[in-house]
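J.: Structure provided below as C-alpha cells; questions to follow.
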Amino acid sequence: MGAVRLAVGDQPDAELIARASAALLDNQIALLPAEGVYGFHARASSSAAVERIRALKGDPRAGFIGLIAAPGDLDRWAHAWSLAHDLARRHWPGALTLVLDARPEAPESLRSDNGTIALRCPGSALLRGVVQAVGEPVLSTSANRSGEPPALRAEDAPPGVADLVVDGGVLDGLPSTLVRIGPKGVEILRQGAVRLGDASLDAPRAGP
C-alpha cells in the first residue's frame with residue numbers, strides 16, 4: 001500500500017496535525033514541508049522509524065535535528081548557554097537550529113558522538129502542532145539521500161520511505177541556519193534562512 005497523501009490547505013490545520021502526529025505516534029515516517037526543504041520526520045524515540053531513515057540517508061554519520069514545540073523546551077534537552085537563550089528569543093519560532101551539549105535525558109537518536117544535540121523550534125505552525133501533539137522531540141532530516149540535492153517538492157523525495165506525505169507546494173530551498181554554541185565560543189556551521197552577523201554572536205556571558 002502506498003503512502004497516504006495530504007495537501008496543506010485541503011483540510012483544517014487541526015486535522016492535518018492530528019493525522020501527522022498519529023502517524024508518528026504509530027512509529028511511522030512523515031514527509032512534511034520543513035524550513036525551506038522537505039524533511040522526513042519521526043518520533044525521536046521510535047527506533048524502528050529512526051533505523052528506516054538511517055538506511056535511506058546511507059551515511060551512518062548523518063546527524064538529525066530535533067524539533068521542539070516551544071522555546072521553553074530548550075533546557076529540558078540541552079545545556080543551554082545564555083547566548084542560546086538570547087538567540088532563541090530573537091529567532092524562535094523560526095529557521096535557526098542550535099547545536100548544544102545534550103542532556104542525558106535527550107533521545108539517543110538525536111545525540112551525536114561528541115555529545116551534542118541540534119534543536120529547533122520550527123517556524124511552521126504545522127510542525128509545532130505536530131511536535132506538541134506527539135509530546136516529545138520529533139526527529140527531522142532533509143528528505144534526500146546523503147550527498148544528493150534536497151527535495152523542494154514533495155515528489156522530489158525518495159519514494160517508498162514516508163508512510164504519510166503532506167504536500168506544501170514548492171519550497172524556497174533555504175535551510176535553517178545551524179549554529180554551535182559552547183563554553184569556548186560560537187561557530188556558524190551553516191548559513192541559512194536566518195542571517196547572523198558578528199553582533200548576534202557575542203561570546204557567551206554566563207554558563208548554562
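Residues in the C-alpha cells are numbered from 1 in each chain, the chains being A, B, ... in the order shown, and ligands are numbered from 1 in the order shown.
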Skipping near chain neighbours, those fewer than 5 positions away, what residues fall within 6 Å of stretch 108-121 of chain A using only C-alpha atoms, listed as a PyMOL selection string?
T.: chain A and resi 64-70+92-93+97-102
J.: Smallest atom-to-atom distance to A:Gln28: which of A:Val165, A:Ala78, A:Ala125, A:Ile181, using only C-alpha atoms?
T.: A:Val165
J.: Could you go through stretch 17-115 of chain A and tell me which residues DSSP, when run on the backbone, assigns to alpha helix (DSSP H), listing them as an NGL selection string?
T.: :A and (17-25 or 47-57 or 74-77 or 82-91)
J.: Could the residues in this selection be written to a file with N, CA and C atoms, as a compact mmCIF listing (two decimals), in the first residue's frame?
T.:
```
# COMPACT_ATOMS: atom_id res chain seq x y z
N ILE A 17 -2.62 18.25 11.57
CA ILE A 17 -1.80 17.99 12.74
C ILE A 17 -2.17 16.65 13.37
N ALA A 18 -3.46 16.39 13.46
CA ALA A 18 -3.92 15.14 14.06
C ALA A 18 -3.47 13.94 13.23
N ARG A 19 -3.58 14.05 11.89
CA ARG A 19 -3.19 12.92 11.04
C ARG A 19 -1.69 12.69 11.10
N ALA A 20 -0.91 13.77 11.04
CA ALA A 20 0.56 13.62 11.03
C ALA A 20 1.07 13.12 12.38
N SER A 21 0.55 13.67 13.47
CA SER A 21 1.02 13.24 14.79
C SER A 21 0.62 11.80 15.07
N ALA A 22 -0.56 11.38 14.59
CA ALA A 22 -0.99 10.00 14.78
C ALA A 22 -0.05 9.04 14.04
N ALA A 23 0.39 9.45 12.85
CA ALA A 23 1.33 8.61 12.10
C ALA A 23 2.65 8.45 12.87
N LEU A 24 3.16 9.54 13.41
CA LEU A 24 4.43 9.46 14.15
C LEU A 24 4.27 8.63 15.41
N LEU A 25 3.17 8.80 16.11
CA LEU A 25 2.93 8.02 17.32
C LEU A 25 2.77 6.53 17.02
N SER A 47 12.68 3.65 17.53
CA SER A 47 13.88 3.04 16.95
C SER A 47 13.60 2.49 15.56
N ALA A 48 12.41 1.92 15.33
CA ALA A 48 12.09 1.35 14.03
C ALA A 48 12.08 2.43 12.94
N ALA A 49 11.41 3.56 13.22
CA ALA A 49 11.34 4.64 12.23
C ALA A 49 12.71 5.27 12.03
N VAL A 50 13.46 5.45 13.11
CA VAL A 50 14.79 6.06 13.01
C VAL A 50 15.72 5.20 12.15
N GLU A 51 15.68 3.88 12.33
CA GLU A 51 16.54 2.99 11.55
C GLU A 51 16.15 3.02 10.07
N ARG A 52 14.87 3.14 9.77
CA ARG A 52 14.45 3.26 8.38
C ARG A 52 15.01 4.52 7.74
N ILE A 53 15.01 5.61 8.49
CA ILE A 53 15.54 6.87 7.97
C ILE A 53 17.05 6.78 7.80
N ARG A 54 17.74 6.16 8.76
CA ARG A 54 19.20 5.99 8.64
C ARG A 54 19.55 5.19 7.38
N ALA A 55 18.79 4.16 7.12
CA ALA A 55 19.04 3.34 5.93
C ALA A 55 18.86 4.16 4.65
N LEU A 56 17.87 5.04 4.64
CA LEU A 56 17.64 5.89 3.48
C LEU A 56 18.79 6.88 3.29
N LYS A 57 19.25 7.50 4.37
CA LYS A 57 20.31 8.50 4.24
C LYS A 57 21.59 7.88 3.70
N LEU A 74 13.84 24.10 25.51
CA LEU A 74 15.27 24.02 25.21
C LEU A 74 16.06 23.40 26.36
N ASP A 75 15.83 23.90 27.58
CA ASP A 75 16.61 23.43 28.73
C ASP A 75 16.29 22.00 29.13
N ARG A 76 15.19 21.48 28.65
CA ARG A 76 14.85 20.10 29.01
C ARG A 76 15.77 19.10 28.33
N TRP A 77 16.26 19.46 27.14
CA TRP A 77 17.05 18.50 26.35
C TRP A 77 18.50 18.90 26.17
N SER A 82 23.74 31.17 27.90
CA SER A 82 22.88 32.36 27.85
C SER A 82 22.67 32.86 26.42
N LEU A 83 23.71 32.75 25.60
CA LEU A 83 23.57 33.20 24.22
C LEU A 83 22.54 32.37 23.47
N ALA A 84 22.45 31.09 23.80
CA ALA A 84 21.44 30.24 23.16
C ALA A 84 20.04 30.76 23.46
N HIS A 85 19.81 31.14 24.70
CA HIS A 85 18.50 31.69 25.06
C HIS A 85 18.27 33.03 24.36
N ASP A 86 19.33 33.85 24.24
CA ASP A 86 19.19 35.12 23.53
C ASP A 86 18.77 34.89 22.07
N LEU A 87 19.46 33.97 21.40
CA LEU A 87 19.15 33.69 20.00
C LEU A 87 17.76 33.07 19.85
N ALA A 88 17.39 32.21 20.79
CA ALA A 88 16.06 31.59 20.73
C ALA A 88 14.98 32.66 20.88
N ARG A 89 15.19 33.61 21.78
CA ARG A 89 14.19 34.68 21.96
C ARG A 89 14.05 35.51 20.69
N ARG A 90 15.15 35.72 19.97
CA ARG A 90 15.10 36.56 18.77
C ARG A 90 14.53 35.83 17.56
N HIS A 91 14.84 34.53 17.45
CA HIS A 91 14.61 33.85 16.18
C HIS A 91 13.68 32.64 16.25
```
J.: Which stretch 64-129 of chain A residues have any atom within 8 Å of an atom of stretch 29-41 of chain A, and for each, what is the nearest pair of atoms with distance in Å to one decimal, counting only C-alpha atoms, rows sorted by chain and number, as a tab-separated table?
T.:
```
residue	atom	partner	partner_atom	distance
A:Ala95	CA	A:Glu35	CA	6.0
A:Pro122	CA	A:Glu35	CA	7.3
A:Gly123	CA	A:Glu35	CA	7.4
A:Ser124	CA	A:Ala34	CA	7.1
A:Leu127	CA	A:Ala34	CA	7.5
```
J.: Among stretch 98-208 of chain A, which ones does DSSP assign to strand (DSSP E or B) (computed from the backbone)? Answer as an MDAnalysis selection string.
T.: chainID A and resid 98:102 111 116:120 138:142 164:167 177:182 185:190
J.: Interatomic distance between atom CA of A:Gly58 and atom CA of A:Gly147?
T.: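 A separation of 9.3 Å between them.
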J.: Between A:Arg190, A:Arg103, A:Arg43, A:Arg153, which one has atoms that come closest to A:Gly173, using only C-alpha atoms?
T.: A:Arg153
J.: Ranking A:Glu105, A:Glu187, A:Glu155, A:Asp73 by minimum distance to A:Gly168 and counting only C-alpha atoms, which one comes first?
T.: A:Glu155
J.: Return the single residue from A:Ala62, A:Leu164, A:Ala7, A:Leu96 that is closest to A:Asp26, with distances computed using only C-alpha atoms.
T.: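 Checking each of A:Ala62, A:Leu164, A:Ala7, A:Leu96 against A:Asp26, counting only C-alpha atoms, the winner is A:Leu164.
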J.: Just to confirm, what's the straight-line distance from atom CA of A:Glu15 to atom CA of A:Ser46 in Å (one decimal)?
T.: 22.8 Å
